[in-house]
Amino acid sequence: MENSLLLFLLWPFVTGLLLFLFPKKIPLLAQYSSLVFQIVWVLLFVWAIGPIWEELSVAGDGGGPRAFPVYFSWDWIPFLKSRFSLGLDGLNIPLLGLNVLLSLCLGFFSLNKKNLGPGYLGLFSILNGASVGSLLAADAFVFYCFWEFMLIPMYLLIGGWGSKNRVYASLKFFAFTMAGSLFMLAAILALAFQFDVASLGWHDLVATNFEFQGWGSVQGLLFLGFMLAFVVKIPVWPFHTWLPDAHTEAPTGASVILAGVLLKLGVYGIARWCLPLFPEASAAAAPTLMALGCVGIVMGAFAAWFQTDIKKMIAYSSVSHLGFMVLGLFALGVEALQGAFFQNIAHGLSTGALFLIFGIIYERTHSREISKYGGFAQEHAWLATSFILASMASIGLPGLPGFVGEFLILAGSFKTFPVYSLVALSGVLLGAIYMLGMLRRFAYGPVSELVKSHPVRVTWNEWASLVPLLLFMIYLGFGSQAILSKVEPAATQVLTYFR
Amino acid sequence: MELFSGLSVTQFHVGIGVLLFCIGVSGFLIRRSGLIALMCLELMLNGVNLCLVSFSNLHRNPEGASLVLFIVLVAAAEAAVALGLFVAIFRKVGTVSLDDLRSLKG
Amino acid sequence: MKSEALRWIVFFPLIGAALNGLLIRSKNPYLSGAIGTLAAFASFFTSLIIFSQNGFSTHITDFLFTWFSTGNIKVDFALEVTAVTSVMLLVITGIGGLIHTYAVSYMSHDESPWRFFAYLNLFLAAMLTLVLSQNLVGVFLGWEGVGLCSYLLIGYWYKENKNTEAGMKAFVTNRIGDLGFLVALFIAIRDFGTLNISEILAFVSGPQAAALGSTSLLIFAAGIFWASTGKSAQIPLYVWLPDAMAGPTPVSALIHAATMVTSGVFVSLRLWPIFEGQAQLLEVILVIGLSTAWLAALIALTQRDIKKVLAYSTVSQLGFMFAALGIGAPVAAFFHVVTHACFKALLFLGAGSVIHGMHEKQDLLEMGGLQKKMPLTHGTFLVGTLAIIGFPLTSGFFSKDLILEKAFVKSPVVYFLLLGAALLTAFYMLRAYSLAFWGKPRTKEAEHAHESHWLMTVPLGILALLSVVVGFFEVPDILGGIHKFTEWVNLSWIGWTPQLGGGTAEAHHLSHLAEWLLVLFTTGGSLGIAYLSWKKFGQIQAKSAVESNPGFFTRLSENKFYVDEIYGILFLKPLAFVARTGSKIVDHSLINGALHGIKDSLNLSGNVLALFHTGGVQTYTWYLVFVAALSICVAIFSGWGVL
């Protein structure tokens, strides 16, 4: 168990470094090896998670909640009171699964692409390692290290393999997220040196009671420090403007991982660190953050409505959807929290699929302008159908996973904060407006010059990257309980700190 | 020797060291040639060395003297590297005048 | 009672959709059509078998799996049949099957019939889920599912922007309504603690509901009603339905006349015990139903497109149904749903047959004299027309009479208003009928029109038969008094006894004489108006005869009272403006502006500092020396006690 988990974590780092050594001249060699590494990684995931998958849905003693049914710890940096601790529970396992799935899909996607050589694949693998590491971390400093380390490969991926405006976008991404996480570092260092905590491990931190009397007090400041890192990453309005640029310029694979994993880490971070560690501060900040979530839902949708660039539109739709998750997190009810986590997965799948499909098309047409497209359904019916399916999942059509997430979030927050829930409801309508408006111009109507002159033949490996996502999407639409039941004990655990 | 009769041995040595250092500094500041700047650097180091040795002698503490050994070593290495660099620079740019080597300008 | 067979009612069309849409994808219309039609009829016969084994109105349930469950939200995927449901099931699968059959021939020249039948079957599955689901989230699944299929089918010929725009309009307008449904769901979760319909109804009649206060019940019912105005095309959200005629005609018949648009009535009916207690809401429903019936009928008076006439007629008839709900006569409303499903499907299919015969021409003024060219279509269309205007002993006669009678009991004013709408119906229907089938052919297409394939005329015949027969399930006392339908429907709500509009034994009962007078007055009026209309439009020979110089009202009606334009100015444009400028100003100018401000100020300070950074190693040494000298001075002076 211990070894399998450690191996699962280290594998992408090791293989990533290994991939750097591959010859640049033969990208195929690196691509296929990378695919093999990914497949092995999936197996490692199954090996590590398999034994505890069933017992995840089991509640703790006496029907109560429980934290980290699996927990390991090694000595690391004593003077920082930090131990190298990893933990597994219902909160992170679904996201780990999403991460593994997406990277496997991208492993297929990268095959036979001339420009994606060993450098790209290696960075990718390392990025995976970092994101998995921050998901697994059960120690604040370990979490911070992985969290921060994610930026480097992402920065290089956007800056190195992005499109025209990539330098600006990658710098903006880096500066934004870096600025946010510096506050988290300050908070963590304060925790280590200023307070009488036993260690920076999650268990010790939640056991410590930080005094809360207004935002100038200890808990208030610590909460703000952690929160700043997360709100930038999610991103919560008004910290979102890096996202459209980063998404637009990033290469397809980076877009998928950005939408599918990195943004999710913000949500995860709040649920893992902010809520249990600083319950009073979280409760005090909840109305403000929910309001920001609502503003994000509406403003994101508004912005998405009038985008002329498809990737930018999808990026703004992410801003809107992540507003829902913020709403769900801070409604502080188990339904809404579950909804936020389910929406995490659902949004990762649907937006990941959207970026992937559009990436396949973009590779042929090299245009992101919606106005240049038209009649794509006639050009490639299957791909258009997949695109429509993913869009429908994204706007929360019942029967697809987005609905379950949004429904739980809205219904859950309606119990505690009905006004916010009603404002957020407008996102459901606006989502339909911008998504269908885009679909209408993109997929329907007469065939445009651009589409006519760039025939799209989808290769087998591109299908292989897309189909698992779509299948999972359809499965989770009705099989939602499979994930919800696993998350429930962990979600209840988070909320115990609010009683 | 009349001139220095009022001074102790240490004062004398330290004075020489400071003088060497000052010569080095002013040389470094005034001369344009990179090679002379390098020699001035050596002068400064030796001034420091002299001070170290004499203080070490004064305090009967061998640490200062042993530090000098390190400095000599590093200075030698530094001189070797710097000379090599200057040769390379000269080949590339055609000059070792410090006024012309301003690619670090912000 | 449990029955696993129930799920197959939903599964058959789903399998059909999967076969057509994913696996076979045959361009042969007969193969695709056969799969689709068989799936529809399989559901129909499954329903019949279930009812024959278990009795028509027993309560049957079927649990499939838990969809999602957390906290106190528990949503099962479970099906349930009550009496209302069983009637609706037969309507959907039966009429649906006939329309599928018809569509085989209608779509035989289409380039992708598999797609059409896949969508159509998917629609059936969604509609059946809506009808069968045991809890409201399942209903919502079907509710949105039919919306999706409606969207896909309206925009079926997606090469034309007009069609996909109409599809999008339908979807978005329906979504506006759906927000109400979601609010109702949230209220149910928060206040009733359950989403199961039977449990909600039990809760409402229980003691906790009284403690809860009436507000949540009111909001709940209002939310459902708001959603119904979307799906069932009532004011203010009816605007999508006329545009939805962009879809193929079988779609208009199935989705936009017979089944989907009545789902608002259906859901209100399933939750009737809640609605019944909300007197103010019922008043609102009545007003909205009445005004919709009138507005749509007025617009239908001048429409030239045969499908548009029928579309507005549908809106108007749906207004009748909601008016009946508002009066407090759910059974009458539901009876009208059933009869309307038969005759409106018939009329639409008839119109489709005409359009087919006319080579895709839909303008009434270009038709004329079709009764000789298309005798079967003509005959069945006539039956449909008679049924909708309430010709004695047709189904429309019984259902409309039931509503009017209840309206009269409620208040004569309501009766007269409804009667007015009914008279308008008679006028515009006869106008459409006469323009199409009487007079002389006015274009080349009309002269060369041909009768349709038997696959199209047989369903027409069956529907014509149904349009007559179905009415006899509920016959007023004066004509023999059959109340089978009322008896069935009243069994729908377990543990609830009808108070207002259910049974025959009511507090306000009309005397037989009054009833006779009412029936004669209503029918006489309708037939009189119908005759006038036929006289006026039956003899038109040339296209120009109608086109001369429209008056103010005619122009208003032809332009649909400019409702779309008014909505555009009032809602759409302001919203778009706010969205566009708002997002631009906030994102671009404020946030990005502020960030770039920070970046620029950093740049500027960097540039200033860079002036000191000459790159000359000697400059740096000067700094060093200067600072070292300064430090030494500081040290010395502080030693002297100066500093």
# chains A, B, ... in the order shown; residues from 1 in each chain; ligands from 1
$ closest_atom_pairs --of "chain C" --to "chain A" --cutoff "7 Å" --atoms "only C-alpha atoms" --output "tab-separated table"
residue	atom	partner	partner_atom	distance
C:Thr66	CA	A:Gln481	CA	7.0
C:Trp67	CA	A:Phe478	CA	5.7
C:Phe68	CA	A:Gln481	CA	4.9
C:Ser69	CA	A:Gln481	CA	6.7
C:Thr70	CA	A:Glu335	CA	5.9
C:Gly71	CA	A:Glu335	CA	5.5
C:Leu141	CA	A:Pro398	CA	5.0
C:Glu144	CA	A:Pro398	CA	6.7
C:Tyr158	CA	A:Tyr444	CA	5.4
C:Lys159	CA	A:Gly445	CA	4.3
C:Glu160	CA	A:Gly445	CA	5.2
C:Asn161	CA	A:Gly445	CA	4.9
C:Thr164	CA	A:Arg440	CA	6.5
C:Met168	CA	A:Leu436	CA	6.5
C:Val172	CA	A:Ile433	CA	6.3
C:Arg175	CA	A:Leu429	CA	5.9
C:Ile176	CA	A:Leu429	CA	6.3
C:Leu179	CA	A:Leu425	CA	6.8
C:Phe186	CA	A:Ala411	CA	5.0
C:Arg190	CA	A:Lys415	CA	5.8
C:Ala579	CA	A:Phe302	CA	4.6
C:Arg580	CA	A:Phe306	CA	6.2
C:Ser583	CA	A:Ala303	CA	5.0
C:Asp587	CA	A:Thr241	CA	7.0
C:Ile591	CA	A:Pro238	CA	6.9
C:Asn592	CA	A:Thr241	CA	6.8
$ residues_around --residues "Ala449 in chain C" --least-positions-apart "5" --cutoff "9 Å" --atoms "only C-alpha atoms" --output "PyMOL selection string"
chain C and resi 354+356-359+370+373-374+444
$ interface_residues --of "chain C" --to "chain B" --cutoff "6 Å" --atoms "only C-alpha atoms" --output "list of chain:residue names"
C:Ala610, C:His613, C:Thr614, C:Gly615, C:Gly616, C:Gln618
$ atom_distance --atom1 "CA of Leu325 in chain C" --atom2 "CA of Thr262 in chain C"
12.5 Å
$ atom_distance --atom1 "CA of Trp622 in chain C" --atom2 "CA of Ile23 in chain B"
14.3 Å
$ select_by_dssp --residues "chain B" --states "helix (DSSP H, G or I)" --output "count of residues only"
83
$ residues_around --residues "Tyr373 in chain A" --least-positions-apart "6" --cutoff "12 Å" --atoms "only C-alpha atoms" --output "number ranges by chain"
A: 308-310, 358, 361-362, 365-367, 379, 438-454
$ select_by_dssp --residues "range 321-567 of chain C" --states "strand (DSSP E)" --output "PyMOL selection string"
chain C and resi 474-475+482-483
$ closest_residue --among "C:Gly21, C:Gly264, C:Gly350, C:Gly180" --to "Ile219 in chain C" --atoms "only C-alpha atoms"
C:Gly180
$ atom_distance --atom1 "CA of Gly213 in chain C" --atom2 "CA of Leu327 in chain A"
28.2 Å
$ closest_residue --among "C:Leu435, C:Leu23, C:His588, C:Gln541" --to "Asp245 in chain A" --atoms "only C-alpha atoms"
C:His588
$ residues_around --residues "range 26-30 of chain C" --least-positions-apart "5" --cutoff "8 Å" --atoms "only C-alpha atoms" --output "NGL selection string"
:C and (20 or 104-105 or 107-114)
$ residues_around --residues "range 281-292 of chain C" --least-positions-apart "6" --cutoff "6 Å" --atoms "only C-alpha atoms" --output "PyMOL selection string"
chain C and resi 234-235+316+319+322-323+326
$ residues_around --residues "Glu78 in chain B" --least-positions-apart "4" --cutoff "12 Å" --atoms "only C-alpha atoms" --output "list in words"
Leu38, Met39, Leu41, Glu42, Leu45, Phe70, Ile71, Val72, Leu73, Val74, Ala82, Leu83, Gly84, Leu85 and Phe86 of chain B
$ write_last_selection --atoms "C-alpha atoms" --output "PDB file, in the first residue's frame"
ATOM      1  CA  LEU B  38      42.463  42.050 -12.881  1.00  0.00           C
ATOM      2  CA  MET B  39      45.878  42.845 -11.499  1.00  0.00           C
ATOM      3  CA  LEU B  41      41.972  42.884  -8.016  1.00  0.00           C
ATOM      4  CA  GLU B  42      44.950  40.728  -7.065  1.00  0.00           C
ATOM      5  CA  LEU B  45      43.274  40.531  -2.325  1.00  0.00           C
ATOM      6  CA  PHE B  70      42.157  29.693   0.890  1.00  0.00           C
ATOM      7  CA  ILE B  71      42.204  33.192  -0.517  1.00  0.00           C
ATOM      8  CA  VAL B  72      45.419  32.558  -2.342  1.00  0.00           C
ATOM      9  CA  LEU B  73      43.958  29.420  -3.779  1.00  0.00           C
ATOM     10  CA  VAL B  74      40.767  31.086  -4.862  1.00  0.00           C
ATOM     11  CA  ALA B  82      39.382  35.486 -15.579  1.00  0.00           C
ATOM     12  CA  LEU B  83      42.373  35.400 -17.888  1.00  0.00           C
ATOM     13  CA  GLY B  84      40.748  32.688 -19.880  1.00  0.00           C
ATOM     14  CA  LEU B  85      37.593  34.741 -20.049  1.00  0.00           C
ATOM     15  CA  PHE B  86      39.458  37.780 -21.201  1.00  0.00           C
TER      16      PHE B  86
END
$ decode --residues "chain B" --atoms "C-alpha atoms" --output "tab-separated table (two decimals), in the first residue's frame"
chain	number	residue	atom	x	y	z
B	1	MET	CA	63.24	53.22	9.66
B	2	GLU	CA	63.02	56.35	11.77
B	3	LEU	CA	59.87	57.19	10.05
B	4	PHE	CA	58.05	54.12	11.33
B	5	SER	CA	59.60	53.93	14.77
B	6	GLY	CA	56.39	54.93	16.49
B	7	LEU	CA	54.53	52.02	14.97
B	8	SER	CA	54.25	48.44	16.11
B	9	VAL	CA	54.94	45.64	13.66
B	10	THR	CA	51.23	44.95	13.30
B	11	GLN	CA	50.39	48.56	12.61
B	12	PHE	CA	53.10	48.68	10.02
B	13	HIS	CA	51.90	45.53	8.25
B	14	VAL	CA	48.27	46.55	8.35
B	15	GLY	CA	49.18	49.94	7.01
B	16	ILE	CA	50.94	48.33	4.08
B	17	GLY	CA	47.93	46.08	3.55
B	18	VAL	CA	45.51	49.02	3.51
B	19	LEU	CA	47.81	50.86	1.14
B	20	LEU	CA	47.90	47.89	-1.19
B	21	PHE	CA	44.14	47.63	-1.05
B	22	CYS	CA	43.68	51.31	-1.80
B	23	ILE	CA	46.08	51.15	-4.71
B	24	GLY	CA	44.11	48.20	-5.98
B	25	VAL	CA	40.80	49.99	-5.64
B	26	SER	CA	41.93	53.17	-7.28
B	27	GLY	CA	43.60	51.23	-10.04
B	28	PHE	CA	40.45	49.24	-10.60
B	29	LEU	CA	38.40	52.37	-10.72
B	30	ILE	CA	40.65	54.38	-12.96
B	31	ARG	CA	42.31	52.10	-15.49
B	32	ARG	CA	40.27	50.90	-18.45
B	33	SER	CA	42.06	47.75	-19.40
B	34	GLY	CA	40.49	44.62	-18.14
B	35	LEU	CA	43.87	43.01	-17.56
B	36	ILE	CA	45.03	45.82	-15.33
B	37	ALA	CA	41.71	45.68	-13.51
B	38	LEU	CA	42.46	42.05	-12.88
B	39	MET	CA	45.88	42.84	-11.50
B	40	CYS	CA	44.34	45.51	-9.29
B	41	LEU	CA	41.97	42.88	-8.02
B	42	GLU	CA	44.95	40.73	-7.06
B	43	LEU	CA	46.48	43.73	-5.31
B	44	MET	CA	43.32	44.16	-3.25
B	45	LEU	CA	43.27	40.53	-2.33
B	46	ASN	CA	46.89	40.66	-1.27
B	47	GLY	CA	46.23	43.73	0.81
B	48	VAL	CA	43.51	41.83	2.58
B	49	ASN	CA	45.79	38.82	2.97
B	50	LEU	CA	48.46	40.90	4.57
B	51	CYS	CA	45.98	42.31	7.06
B	52	LEU	CA	44.68	38.87	7.86
B	53	VAL	CA	48.12	37.47	8.47
B	54	SER	CA	49.19	40.30	10.70
B	55	PHE	CA	46.00	40.18	12.74
B	56	SER	CA	46.37	36.47	13.01
B	57	ASN	CA	49.85	37.03	14.33
B	58	LEU	CA	48.61	39.69	16.75
B	59	HIS	CA	45.89	37.54	18.20
B	60	ARG	CA	47.89	34.36	18.10
B	61	ASN	CA	45.03	32.76	16.25
B	62	PRO	CA	45.83	30.53	13.28
B	63	GLU	CA	42.42	30.85	11.67
B	64	GLY	CA	43.23	34.08	9.93
B	65	ALA	CA	46.44	32.67	8.49
B	66	SER	CA	44.69	29.57	7.24
B	67	LEU	CA	42.01	31.69	5.63
B	68	VAL	CA	44.77	33.35	3.67
B	69	LEU	CA	45.67	30.02	2.14
B	70	PHE	CA	42.16	29.69	0.89
B	71	ILE	CA	42.20	33.19	-0.52
B	72	VAL	CA	45.42	32.56	-2.34
B	73	LEU	CA	43.96	29.42	-3.78
B	74	VAL	CA	40.77	31.09	-4.86
B	75	ALA	CA	42.65	34.05	-6.22
B	76	ALA	CA	44.78	31.78	-8.33
B	77	ALA	CA	41.74	29.99	-9.66
B	78	GLU	CA	39.98	33.24	-10.25
B	79	ALA	CA	42.94	34.67	-12.11
B	80	ALA	CA	43.09	31.62	-14.29
B	81	VAL	CA	39.39	31.74	-15.09
B	82	ALA	CA	39.38	35.49	-15.58
B	83	LEU	CA	42.37	35.40	-17.89
B	84	GLY	CA	40.75	32.69	-19.88
B	85	LEU	CA	37.59	34.74	-20.05
B	86	PHE	CA	39.46	37.78	-21.20
B	87	VAL	CA	41.14	35.84	-23.92
B	88	ALA	CA	37.78	34.54	-25.05
B	89	ILE	CA	36.25	37.98	-24.86
B	90	PHE	CA	39.10	39.44	-26.79
B	91	ARG	CA	38.64	36.88	-29.51
B	92	LYS	CA	34.95	37.58	-29.72
B	93	VAL	CA	34.73	41.32	-29.18
B	94	GLY	CA	38.24	42.42	-30.07
B	95	THR	CA	38.82	44.45	-26.97
B	96	VAL	CA	39.19	44.04	-23.23
B	97	SER	CA	38.53	47.66	-22.42
B	98	LEU	CA	36.05	47.81	-19.56
B	99	ASP	CA	34.35	50.81	-21.10
B	100	ASP	CA	33.36	48.79	-24.10
B	101	LEU	CA	32.08	45.74	-22.24
B	102	ARG	CA	28.67	46.95	-21.22
B	103	SER	CA	26.35	44.18	-22.27
B	104	LEU	CA	25.03	43.95	-18.72
B	105	LYS	CA	23.45	47.36	-19.07
B	106	GLY	CA	19.93	47.31	-17.69
